[in-house]
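**Student:** Below is the file upload21.txt, which contains compact mmCIF, C-alpha atoms and all ligand atoms.
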# COMPACT_ATOMS: atom_id res chain seq x y z
CA MET W 16 124.96 136.16 87.88
CA LYS W 17 127.31 134.22 90.15
CA LEU W 18 127.43 133.80 93.88
CA GLN W 19 129.94 132.22 96.21
CA LEU W 20 129.37 130.21 99.34
CA THR W 21 132.17 129.62 101.81
CA SER W 22 132.43 126.18 103.46
CA PRO W 23 128.83 124.97 103.14
CA LEU W 24 127.80 122.51 105.85
CA ASP W 25 125.11 119.85 105.85
CA MET W 26 124.18 119.36 109.48
CA HIS W 27 122.09 116.18 108.94
CA LEU W 28 123.17 113.64 106.34
CA HIS W 29 122.73 109.92 105.72
CA LEU W 30 125.66 108.37 103.89
CA ARG W 31 124.80 104.66 104.35
CA GLN W 32 127.43 101.92 103.95
CA ASP W 33 129.24 99.79 101.38
CA ASN W 34 128.34 100.43 97.73
CA MET W 35 125.72 103.06 98.51
CA LEU W 36 128.29 104.98 100.56
CA LYS W 37 130.70 104.90 97.61
CA VAL W 38 128.01 106.34 95.31
CA VAL W 39 126.58 109.05 97.55
CA ALA W 40 129.48 110.25 99.74
CA PRO W 41 131.38 111.95 96.87
CA LEU W 42 128.17 113.75 95.88
CA SER W 43 128.24 115.50 99.26
CA SER W 44 132.00 115.93 99.61
CA LYS W 45 132.17 117.66 96.23
CA THR W 46 130.12 120.65 97.38
CA PHE W 47 130.08 120.58 101.19
CA SER W 48 133.01 121.28 103.47
CA GLY W 49 131.59 118.99 106.13
CA ALA W 50 128.48 117.17 107.26
CA ILE W 51 126.99 115.59 110.36
CA ILE W 52 126.79 111.90 109.58
CA MET W 53 123.73 110.15 110.94
CA PRO W 54 124.32 106.86 112.80
CA ASN W 55 121.26 104.83 111.68
CA THR W 56 123.38 102.32 109.84
CA LEU W 57 123.04 98.55 110.06
CA PRO W 58 123.86 97.96 112.88
CA PRO W 59 123.60 101.49 114.29
CA ILE W 60 126.85 103.20 115.34
CA SER W 61 127.11 102.62 119.09
CA THR W 62 130.72 101.62 119.82
CA LYS W 63 134.00 103.47 119.35
CA GLU W 64 135.29 100.76 117.07
CA GLN W 65 132.25 101.00 114.76
CA LEU W 66 132.46 104.77 114.75
CA LEU W 67 136.12 104.90 113.80
CA ARG W 68 135.68 102.26 111.12
CA TYR W 69 132.70 104.11 109.66
CA LYS W 70 134.64 107.38 109.65
CA GLU W 71 137.51 105.64 107.86
CA ASP W 72 135.10 104.27 105.23
CA ILE W 73 133.70 107.77 104.68
CA LEU W 74 137.16 109.32 104.38
CA ASN W 75 138.10 106.65 101.83
CA ALA W 76 134.93 107.27 99.83
CA THR W 77 135.56 111.04 99.79
CA LYS W 78 139.31 110.96 99.18
CA GLY W 79 140.63 113.96 97.29
CA ASP W 80 137.90 116.30 98.53
CA THR W 81 138.11 118.76 101.40
CA PHE W 82 135.39 117.22 103.55
CA THR W 83 135.00 116.61 107.27
CA PRO W 84 132.61 113.90 108.40
CA TYR W 85 131.34 115.06 111.79
CA MET W 86 130.46 111.78 113.44
CA THR W 87 127.48 110.98 115.67
CA LEU W 88 126.60 108.14 117.96
CA PHE W 89 123.22 106.36 118.08
CA PHE W 90 121.65 107.27 121.45
CA LYS W 91 121.44 104.45 123.99
CA ASN W 92 120.26 105.03 127.49
CA ASP W 93 122.95 102.86 129.05
CA TYR W 94 126.11 104.62 127.85
CA SER W 95 128.46 105.08 130.82
CA ARG W 96 130.27 108.28 131.72
CA GLU W 97 133.60 106.51 131.05
CA PHE W 98 132.46 105.50 127.57
CA LEU W 99 131.18 108.96 126.69
CA GLU W 100 134.35 110.59 128.04
CA SER W 101 136.43 108.26 125.90
CA ILE W 102 134.49 109.03 122.71
CA LYS W 103 133.61 112.70 123.12
CA ASP W 104 136.49 114.02 121.02
CA GLU W 105 135.48 111.76 118.13
CA ILE W 106 131.86 112.94 117.92
CA LEU W 107 129.97 116.17 117.53
CA SER W 108 126.67 114.89 118.86
CA ILE W 109 124.48 111.94 119.78
CA LYS W 110 121.30 111.23 117.85
CA LEU W 111 118.20 110.05 119.66
CA TYR W 112 115.57 108.10 117.72
CA PRO W 113 112.25 107.01 119.18
CA ALA W 114 112.22 103.22 118.70
CA GLY W 115 110.95 102.21 115.27
CA ILE W 116 110.07 105.74 114.11
CA THR W 117 112.09 105.64 110.88
CA THR W 118 114.74 103.74 108.87
CA ASN W 119 116.89 101.44 111.09
CA SER W 120 115.68 102.94 114.35
CA GLU W 121 114.33 99.76 115.94
CA GLY W 122 117.08 99.98 118.58
CA GLY W 123 116.01 103.49 119.58
CA VAL W 124 114.46 104.65 122.83
CA SER W 125 110.96 103.48 123.78
CA THR W 126 110.32 105.82 126.72
CA ILE W 127 111.23 109.42 126.08
CA ASP W 128 110.81 111.55 129.17
CA VAL W 129 113.01 113.59 131.46
CA GLU W 130 113.37 111.01 134.22
CA SER W 131 114.17 108.03 131.97
CA LEU W 132 116.79 109.99 130.06
CA ARG W 133 118.21 111.93 133.00
CA PRO W 134 121.33 109.80 133.68
CA THR W 135 122.61 109.93 130.09
CA LEU W 136 121.55 113.52 129.42
CA GLU W 137 123.25 114.75 132.58
CA ILE W 138 126.51 113.21 131.42
CA MET W 139 126.09 114.68 127.93
CA SER W 140 125.33 118.07 129.41
CA ASP W 141 128.45 117.89 131.63
CA LEU W 142 130.64 116.84 128.71
CA GLY W 143 129.17 119.40 126.29
CA ILE W 144 127.90 116.81 123.82
CA VAL W 145 125.02 118.08 121.67
CA LEU W 146 121.79 116.04 121.53
CA ASN W 147 120.10 115.59 118.14
CA ILE W 148 116.50 114.36 118.27
CA HIS W 149 114.16 112.86 115.70
CA GLY W 150 111.11 114.38 117.39
CA GLU W 151 108.05 112.33 116.54
CA THR W 152 105.66 110.31 118.70
CA ASP W 153 103.95 107.16 117.42
CA GLY W 154 100.64 109.03 117.09
CA PHE W 155 98.68 109.97 113.96
CA VAL W 156 101.23 110.66 111.22
CA MET W 157 100.34 114.33 110.66
CA ASP W 158 100.38 115.06 114.41
CA ARG W 159 103.49 113.18 115.49
CA GLU W 160 105.85 116.11 115.47
CA ALA W 161 103.46 118.53 117.17
CA GLU W 162 102.79 115.88 119.83
CA PHE W 163 106.52 115.70 120.50
CA VAL W 164 106.82 119.45 121.20
CA PRO W 165 105.99 119.15 124.95
CA ILE W 166 108.81 116.58 125.23
CA TYR W 167 111.26 119.00 123.58
CA LYS W 168 110.17 121.70 126.01
CA ALA W 169 110.46 119.46 129.07
CA LEU W 170 113.96 118.34 128.05
CA ALA W 171 115.09 121.88 127.27
CA LYS W 172 113.87 123.03 130.68
CA ALA W 173 115.31 120.10 132.64
CA PHE W 174 118.76 120.31 131.00
CA PRO W 175 119.37 124.02 130.37
CA LYS W 176 123.06 123.54 129.55
CA LEU W 177 122.42 120.76 127.04
CA LYS W 178 122.20 121.95 123.44
CA ILE W 179 119.28 120.17 121.80
CA VAL W 180 118.82 120.15 118.03
CA MET W 181 115.27 119.51 116.85
CA GLU W 182 116.09 117.64 113.66
CA HIS W 183 114.31 118.27 110.37
CA ILE W 184 111.45 120.35 111.78
CA THR W 185 108.31 120.40 109.64
CA THR W 186 105.69 122.26 111.65
CA LYS W 187 104.80 125.70 112.90
CA ALA W 188 104.45 124.14 116.37
CA SER W 189 108.15 123.22 116.34
CA ALA W 190 109.16 126.59 114.91
CA ASP W 191 107.35 128.32 117.78
CA ALA W 192 108.86 126.06 120.48
CA LEU W 193 112.34 126.58 119.08
CA LEU W 194 112.13 130.29 119.77
CA GLU W 195 110.97 129.79 123.34
CA PHE W 196 114.08 128.07 124.73
CA GLU W 197 117.64 129.28 124.53
CA ASN W 198 119.08 125.75 124.30
CA LEU W 199 116.81 124.56 121.46
CA TYR W 200 118.09 124.71 117.88
CA ALA W 201 116.82 123.12 114.67
CA THR W 202 117.80 121.80 111.30
CA ILE W 203 115.60 122.42 108.28
CA THR W 204 115.76 120.31 105.14
CA LEU W 205 115.59 121.45 101.55
CA HIS W 206 112.56 119.32 100.75
CA HIS W 207 110.46 120.62 103.64
CA LEU W 208 111.07 124.15 102.33
CA TYR W 209 109.81 123.07 98.89
CA ILE W 210 106.96 120.61 99.36
CA THR W 211 103.78 120.03 101.34
CA LEU W 212 101.73 116.86 101.75
CA ASP W 213 99.88 117.85 98.60
CA ASP W 214 103.02 117.23 96.54
CA VAL W 215 103.42 113.78 98.09
CA ALA W 216 99.88 112.48 97.93
CA GLY W 217 97.59 115.17 96.47
CA GLY W 218 97.73 113.70 92.98
CA MET W 219 99.42 110.49 91.88
CA LEU W 220 101.43 109.13 94.82
CA GLN W 221 105.05 110.32 94.65
CA PRO W 222 107.31 107.77 96.37
CA HIS W 223 110.42 109.91 95.87
CA LEU W 224 108.79 112.61 98.04
CA PHE W 225 107.95 110.23 100.87
CA CYS W 226 109.98 110.88 104.00
CA LYS W 227 109.81 111.04 107.78
CA PRO W 228 108.61 113.38 109.10
CA ILE W 229 106.07 113.55 106.28
CA ALA W 230 105.72 117.00 104.64
CA LYS W 231 102.93 118.99 106.28
CA ARG W 232 100.55 121.88 105.53
CA PRO W 233 101.26 125.13 103.61
CA GLU W 234 101.21 127.18 106.84
CA ASP W 235 103.83 124.86 108.33
CA ARG W 236 106.06 125.32 105.30
CA GLU W 237 105.57 129.09 105.63
CA ALA W 238 106.86 128.95 109.22
CA LEU W 239 109.97 127.05 108.06
CA LEU W 240 110.55 129.49 105.21
CA GLU W 241 110.35 132.41 107.62
CA LEU W 242 113.12 130.89 109.76
CA ALA W 243 115.36 129.70 106.91
CA LEU W 244 115.09 132.65 104.52
CA ASN W 245 115.90 135.06 107.33
CA ALA W 246 118.69 132.74 108.53
CA ASN W 247 117.37 132.88 112.07
CA PRO W 248 120.49 132.10 114.16
CA LYS W 249 118.75 129.11 115.78
CA VAL W 250 118.36 127.21 112.51
CA MET W 251 120.83 125.60 110.17
CA PHE W 252 120.66 123.61 106.98
CA GLY W 253 120.49 119.84 107.42
CA SER W 254 119.51 118.10 104.22
CA ASP W 255 118.38 114.79 105.75
CA SER W 256 119.41 113.52 102.32
CA ALA W 257 118.47 109.86 102.71
CA PRO W 258 119.23 107.70 99.68
CA HIS W 259 117.42 104.43 99.07
CA PRO W 260 117.77 102.33 95.92
CA LYS W 261 115.10 103.02 93.31
CA SER W 262 113.77 99.49 93.86
CA ALA W 263 113.09 100.26 97.54
CA LYS W 264 111.31 103.54 96.71
CA GLU W 265 109.20 102.42 93.76
CA ALA W 266 107.71 99.53 95.69
CA PRO W 267 104.86 98.62 97.99
CA GLY W 268 106.25 99.45 101.43
CA CYS W 269 108.17 102.42 99.99
CA ALA W 270 111.21 103.35 102.12
CA ALA W 271 111.14 106.82 103.75
CA GLY W 272 113.79 109.24 102.55
CA ILE W 273 114.46 111.90 99.90
CA PHE W 274 117.83 112.13 98.17
CA THR W 275 118.86 115.77 97.84
CA ALA W 276 122.61 115.93 98.46
CA PRO W 277 123.86 116.60 94.90
CA ILE W 278 121.37 119.36 94.15
CA ALA W 279 120.84 120.86 97.60
CA LEU W 280 122.94 124.01 97.20
CA GLN W 281 121.57 124.72 93.73
CA LEU W 282 117.97 124.44 94.92
CA LEU W 283 118.65 126.48 98.06
CA ALA W 284 120.13 129.22 95.88
CA GLN W 285 117.05 129.08 93.67
CA LEU W 286 114.72 129.37 96.66
CA PHE W 287 116.61 132.19 98.38
CA ASP W 288 116.90 134.02 95.04
CA LYS W 289 113.16 133.70 94.40
CA HIS W 290 112.48 135.35 97.76
CA ASN W 291 115.22 137.99 97.32
CA LYS W 292 117.08 136.60 100.32
CA LEU W 293 120.34 135.42 98.75
CA GLU W 294 122.29 137.51 101.24
CA ASN W 295 121.12 135.16 104.02
CA LEU W 296 122.10 131.89 102.36
CA GLN W 297 125.68 131.86 103.70
CA ALA W 298 124.43 132.03 107.30
CA PHE W 299 121.81 129.33 106.72
CA VAL W 300 124.23 126.88 105.08
CA SER W 301 127.28 127.46 107.23
CA ASN W 302 127.72 130.36 109.66
CA ASN W 303 124.81 129.52 111.96
CA ALA W 304 125.97 125.92 112.29
CA GLN W 305 129.53 127.03 113.02
CA LYS W 306 128.27 129.08 115.95
CA ILE W 307 125.80 126.52 117.27
CA TYR W 308 128.30 123.64 117.22
CA ALA W 309 131.44 125.76 117.81
CA ILE W 310 133.20 124.34 114.76
CA THR W 311 135.46 125.91 112.16
CA PRO W 312 135.19 123.97 108.91
CA ALA W 313 137.97 123.79 106.34
CA LYS W 314 137.79 126.59 103.80
CA LYS W 315 136.03 125.59 100.61
CA ILE W 316 134.57 128.06 98.12
CA ILE W 317 131.61 126.94 96.03
CA THR W 318 130.53 129.08 93.10
CA LEU W 319 126.93 128.94 91.92
CA GLU W 320 125.83 130.41 88.63
CA LYS W 321 122.31 131.45 87.68
CA LYS W 322 121.95 129.25 84.65
CA SER W 323 119.57 126.49 83.60
CA PHE W 324 120.47 122.96 84.74
CA LYS W 325 118.57 119.72 84.33
CA ILE W 326 118.65 117.45 87.39
CA PRO W 327 119.72 113.95 86.30
CA SER W 328 117.19 111.10 86.37
CA SER W 329 119.42 109.14 88.74
CA TYR W 330 122.78 108.96 90.49
CA GLY W 331 123.73 105.29 90.42
CA ASN W 332 120.53 103.51 91.44
CA VAL W 333 119.19 106.46 93.43
CA VAL W 334 116.57 108.89 92.10
CA PRO W 335 117.17 112.46 93.32
CA PHE W 336 114.63 115.05 94.43
CA MET W 337 113.14 116.80 91.35
CA ALA W 338 114.71 114.31 88.94
CA ASN W 339 114.60 115.46 85.30
CA GLU W 340 113.41 118.96 86.24
CA GLU W 341 115.04 122.14 84.94
CA ILE W 342 116.29 124.39 87.70
CA GLY W 343 117.86 127.84 87.66
CA PHE W 344 121.25 127.40 89.36
CA VAL W 345 124.31 125.31 88.58
CA ILE W 346 127.53 124.67 90.48
CA ASP W 347 130.44 126.19 88.64
CA ASN W 348 133.55 124.78 90.41
O1 LIG O 1 112.79 110.00 105.64
C1 LIG O 1 113.69 109.69 106.40
N1 LIG O 1 114.69 108.87 106.02
N2 LIG O 1 113.66 110.16 107.64
C2 LIG O 1 114.52 109.76 108.58
O2 LIG O 1 114.42 110.18 109.69
C3 LIG O 1 115.54 108.73 108.27
C4 LIG O 1 115.82 108.68 106.83
C5 LIG O 1 116.58 107.42 106.42
O3 LIG O 1 117.58 107.10 107.08
O4 LIG O 1 116.20 106.80 105.43
ZN ZN O 2 117.67 111.80 109.00
Here is a file; write its structure as structure tokens.
**Tutor:**
Amino acid sequence: MKLQLTSPLDMHLHLRQDNMLKVVAPLSSKTFSGAIIMPNTLPPISTKEQLLRYKEDILNATKGDTFTPYMTLFFKNDYSREFLESIKDEILSIKLYPAGITTNSEGGVSTIDVESLRPTLEIMSDLGIVLNIHGETDGFVMDREAEFVPIYKALAKAFPKLKIVMEHITTKASADALLEFENLYATITLHHLYITLDDVAGGMLQPHLFCKPIAKRPEDREALLELALNANPKVMFGSDSAPHPKSAKEAPGCAAGIFTAPIALQLLAQLFDKHNKLENLQAFVSNNAQKIYAITPAKKIITLEKKSFKIPSSYGNVVPFMANEEIGFVIDN
């Protein structure tokens, strides 16, 4: 059995810099038509010069493939209207990180409420720039995302014309909030559709399954599956594929991030097939995002075949999700 996907999109991707970029970028550009590139580089992307240079580096690393890097800016609360006007055609969105919440986010925002963010969010709303949010508080790790839900709601209410994407949602609380507000959307990762906290820490500790937000409870995963498998128009695929060298994962102080880019479409096909929902995969991996972001990606047809495939043990020095496991779909291009 074969199936075709047209112009798959990854609406949340970490490509890193330098050698890591050269290893991982082609693994996304081979199968995706485009991706939203996260700005938590070192230093974070916050000037036009940095952004254009980073885009150039990505285009060089993906040369020969049909692939659009949709660029994002790292949210700062002091961006001027002039600056945002001058950069708006180069970006698809701006990503807000609570300070220190995850990899390279120390320069993020420390006070997240409507009044502190109003000046910048009003400009973004006027200019039609989408806001991406890593929605976690600094509370107890399992409760961080649910504690952030009232902030999502307050922002959605205060800025009704601003499109807000709740990035990598992991809880039923977020899934419920998403449906309450017209201007809230969400990305869902592959790994949060597959794993719960039990897979991370229920047996021997699995560093390659450690990520932020941490995987939650079975009922949370069920809520995500309900949205993704039915391709609810408010959700889109965003892998949050976040490569770290093996030495940074298999270490005390394990870095947060799961590397899924090269096997994401295969494992999505496997999941949708298992639930008899393959007809909804196209919307989840491309059409919904096209509507939410008003983009038309370059045409790229990816053929998947239902056939056994063993996930490699590593790509360069990065260990992928489900390394060495046999899965049921392979890319046939
Ligand atoms: O697990 C994660 N890794 N979550 C994030 O939000 C960031 C990412 C990274 O950049 O490593
Ligand atoms: Zn991310």
**Student:** Would you work out the distance separating CA of Leu170 (chain W) from CA of Lys110 (chain W), expressed in Å to one decimal?
**Tutor:** 14.4 Å
**Student:** I need the residue nearest ligand LIG 1 (chain O) from this list: W:Ser262, W:Ser256, W:Thr211, W:Asn303. Use all atoms listed in the file for the distance.
**Tutor:**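 Closest to ligand LIG 1 (chain O) of all the choices is W:Ser256.
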**Student:** Measuring atom to atom with only C-alpha atoms and all ligand atoms, identify which of W:Leu199, W:Leu36, W:Ile116, W:Ala243 is nearest to ligand LIG 1 (chain O).
**Tutor:**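 Of W:Leu199, W:Leu36, W:Ile116, W:Ala243, the one nearest ligand LIG 1 (chain O), counting only C-alpha atoms and all ligand atoms, is W:Ile116.
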**Student:** Give the residue list for ligand ZN 2 (chain O) at 9 Å, counting only C-alpha atoms and all ligand atoms, as a PyMOL selection string, sorted by chain and then by residue number.
**Tutor:** chain W and resi 27-29+53+55+117-118+149+182-183+227+253-257+272
**Student:** So which one's closest to Glu121 (chain W), W:Phe89, W:Phe82, W:Glu237, W:Glu197? Using only C-alpha atoms, please.
**Tutor:** W:Phe89
**Student:** Distance CA of Pro312 (chain W)-CA of Met181 (chain W), one decimal place?
**Tutor:**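 Distance between the two atoms: 21.9 Å.
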**Student:** Tell me, as a compact mmCIF listing (two decimals) with C-alpha atoms, keeping the file's coordinate frame, which residues lie within 10 Å of Lys103 (chain W), counting only C-alpha atoms; anything in the same chain fewer than 5 positions away does not count.
**Tutor:**
# COMPACT_ATOMS: atom_id res chain seq x y z
CA LYS W 63 134.00 103.47 119.35
CA THR W 87 127.48 110.98 115.67
CA LEU W 88 126.60 108.14 117.96
CA PHE W 98 132.46 105.50 127.57
CA SER W 108 126.67 114.89 118.86
CA ILE W 109 124.48 111.94 119.78
CA MET W 139 126.09 114.68 127.93
CA LEU W 142 130.64 116.84 128.71
CA GLY W 143 129.17 119.40 126.29
CA ILE W 144 127.90 116.81 123.82
**Student:** Interatomic distance between CA of Met157 (chain W) and CA of His223 (chain W)?
**Tutor:**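 Computed distance, CA of Met157 (chain W) to CA of His223 (chain W), equals 18.4 Å.
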**Student:** Using only C-alpha atoms, pick whichever of W:Met16, W:Ile179, W:Leu240, W:Ala76 has the shortest atom-to-atom distance to Arg31 (chain W).
**Tutor:**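 Residue with the minimum atom-to-atom distance to Arg31 (chain W): W:Ala76.
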**Student:** Dump as a short mmCIF file (atom, residue, chain, number, x, y, z; two decimals) with C-alpha atoms, in the coordinates of the input all residues having an atom at most 12 Å from (130.6, 127.5, 116.1), computed in the file's coordinates with all atoms listed in the file.
**Tutor:**
data_model
loop_
_atom_site.label_atom_id
_atom_site.label_comp_id
_atom_site.auth_asym_id
_atom_site.auth_seq_id
_atom_site.Cartn_x
_atom_site.Cartn_y
_atom_site.Cartn_z
CA LEU W 24 127.80 122.51 105.85
CA LEU W 107 129.97 116.17 117.53
CA PRO W 248 120.49 132.10 114.16
CA LYS W 249 118.75 129.11 115.78
CA MET W 251 120.83 125.60 110.17
CA ALA W 298 124.43 132.03 107.30
CA SER W 301 127.28 127.46 107.23
CA ASN W 302 127.72 130.36 109.66
CA ASN W 303 124.81 129.52 111.96
CA ALA W 304 125.97 125.92 112.29
CA GLN W 305 129.53 127.03 113.02
CA LYS W 306 128.27 129.08 115.95
CA ILE W 307 125.80 126.52 117.27
CA TYR W 308 128.30 123.64 117.22
CA ALA W 309 131.44 125.76 117.81
CA ILE W 310 133.20 124.34 114.76
CA THR W 311 135.46 125.91 112.16
CA PRO W 312 135.19 123.97 108.91
#
**Student:** Which residue is closest to ligand LIG 1 (chain O)? Choose from W:Ser22, W:Asn147, W:Ser44, W:Thr62 and count only C-alpha atoms and all ligand atoms.
**Tutor:**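 With only C-alpha atoms and all ligand atoms as the atom set, the closest residue is W:Asn147.
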**Student:** Just checking: using only C-alpha atoms, which residue out of W:Asn295, W:Thr275, W:Thr186, W:Asn198 ends up closest to Pro327 (chain W)?
**Tutor:**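 Checking each candidate against Pro327 (chain W), we get W:Thr275 as the closest.
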**Student:** Which polymer residues have any atom within 9 Å of an atom of Val124 (chain W), counting all atoms listed in the file, with same-chain residues fewer than 3 positions away left out, as a PyMOL selection string?
**Tutor:** chain W and resi 90-92+111-115+120-121+127
**Student:** Using only C-alpha atoms, what residues lie at most 12 Å away from (127.1, 128.2, 100.5) (file coordinates), given as a ChimeraX atom specification?
**Tutor:** /W:17-25,46-49,251-252,279-284,287,293-303,314-319,346
**Student:** Centre and edge lengths of an axis-aligned box around all listed atoms of ligand LIG 1 (chain O), with 6 Å added on each side, are to be given in Å to one decimal, as lines of an AutoDock Vina configuration file.
**Tutor:**
center_x = 115.2
center_y = 108.5
center_z = 107.6
size_x = 16.8
size_y = 15.4
size_z = 16.3
**Student:** Output: region 120-144 of chain W of the preceding structure, restricted to N, CA and C atoms, written as an mmCIF file, in the first residue's frame.
**Tutor:**
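Listed below is the output, result.cif:
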data_model
loop_
_atom_site.group_PDB
_atom_site.id
_atom_site.type_symbol
_atom_site.label_atom_id
_atom_site.label_comp_id
_atom_site.auth_asym_id
_atom_site.auth_seq_id
_atom_site.Cartn_x
_atom_site.Cartn_y
_atom_site.Cartn_z
ATOM 1 N N SER W 120 16.747 29.950 26.164
ATOM 2 C CA SER W 120 15.632 30.897 26.298
ATOM 3 C C SER W 120 15.862 31.890 27.434
ATOM 4 N N GLU W 121 17.106 31.979 27.878
ATOM 5 C CA GLU W 121 17.419 32.869 29.012
ATOM 6 C C GLU W 121 17.024 34.317 28.708
ATOM 7 N N GLY W 122 17.097 34.707 27.433
ATOM 8 C CA GLY W 122 16.735 36.079 27.057
ATOM 9 C C GLY W 122 15.246 36.261 26.800
ATOM 10 N N GLY W 123 14.448 35.311 27.245
ATOM 11 C CA GLY W 123 12.991 35.401 27.030
ATOM 12 C C GLY W 123 12.334 36.404 27.970
ATOM 13 N N VAL W 124 11.008 36.309 28.038
ATOM 14 C CA VAL W 124 10.234 37.311 28.779
ATOM 15 C C VAL W 124 10.004 36.839 30.205
ATOM 16 N N SER W 125 10.249 37.741 31.205
ATOM 17 C CA SER W 125 10.043 37.286 32.586
ATOM 18 C C SER W 125 8.644 37.576 33.107
ATOM 19 N N THR W 126 7.983 38.606 32.588
ATOM 20 C CA THR W 126 6.599 38.852 33.033
ATOM 21 C C THR W 126 5.668 38.694 31.846
ATOM 22 N N ILE W 127 4.842 37.653 31.916
ATOM 23 C CA ILE W 127 3.937 37.409 30.785
ATOM 24 C C ILE W 127 2.511 37.701 31.229
ATOM 25 N N ASP W 128 2.061 38.908 30.925
ATOM 26 C CA ASP W 128 0.653 39.246 31.143
ATOM 27 C C ASP W 128 0.244 40.288 30.112
ATOM 28 N N VAL W 129 -1.059 40.501 30.029
ATOM 29 C CA VAL W 129 -1.604 41.348 28.966
ATOM 30 C C VAL W 129 -0.979 42.737 28.983
ATOM 31 N N GLU W 130 -0.906 43.364 30.170
ATOM 32 C CA GLU W 130 -0.443 44.754 30.189
ATOM 33 C C GLU W 130 1.033 44.873 29.841
ATOM 34 N N SER W 131 1.875 43.952 30.329
ATOM 35 C CA SER W 131 3.304 44.062 29.992
ATOM 36 C C SER W 131 3.549 43.862 28.507
ATOM 37 N N LEU W 132 2.751 42.995 27.898
ATOM 38 C CA LEU W 132 3.015 42.671 26.484
ATOM 39 C C LEU W 132 2.226 43.551 25.516
ATOM 40 N N ARG W 133 1.318 44.352 26.062
ATOM 41 C CA ARG W 133 0.389 45.093 25.196
ATOM 42 C C ARG W 133 1.075 45.884 24.079
ATOM 43 N N PRO W 134 2.116 46.684 24.366
ATOM 44 C CA PRO W 134 2.675 47.507 23.282
ATOM 45 C C PRO W 134 3.125 46.666 22.075
ATOM 46 N N THR W 135 3.872 45.606 22.338
ATOM 47 C CA THR W 135 4.383 44.781 21.235
ATOM 48 C C THR W 135 3.259 43.993 20.562
ATOM 49 N N LEU W 136 2.358 43.447 21.369
ATOM 50 C CA LEU W 136 1.295 42.623 20.771
ATOM 51 C C LEU W 136 0.315 43.467 19.953
ATOM 52 N N GLU W 137 0.129 44.718 20.352
ATOM 53 C CA GLU W 137 -0.743 45.580 19.534
ATOM 54 C C GLU W 137 -0.121 45.817 18.155
ATOM 55 N N ILE W 138 1.176 46.028 18.144
ATOM 56 C CA ILE W 138 1.847 46.238 16.852
ATOM 57 C C ILE W 138 1.751 44.960 16.020
ATOM 58 N N MET W 139 2.026 43.819 16.642
ATOM 59 C CA MET W 139 1.955 42.549 15.899
ATOM 60 C C MET W 139 0.554 42.317 15.356
ATOM 61 N N SER W 140 -0.433 42.625 16.169
ATOM 62 C CA SER W 140 -1.816 42.444 15.742
ATOM 63 C C SER W 140 -2.118 43.358 14.546
ATOM 64 N N ASP W 141 -1.679 44.604 14.619
ATOM 65 C CA ASP W 141 -1.889 45.548 13.494
ATOM 66 C C ASP W 141 -1.218 45.054 12.218
ATOM 67 N N LEU W 142 -0.005 44.510 12.381
ATOM 68 C CA LEU W 142 0.774 44.122 11.198
ATOM 69 C C LEU W 142 0.447 42.695 10.728
ATOM 70 N N GLY W 143 -0.399 41.999 11.456
ATOM 71 C CA GLY W 143 -0.769 40.633 11.064
ATOM 72 C C GLY W 143 0.349 39.625 11.263
ATOM 73 N N ILE W 144 1.193 39.861 12.262
ATOM 74 C CA ILE W 144 2.266 38.892 12.553
ATOM 75 C C ILE W 144 1.749 37.893 13.594
#
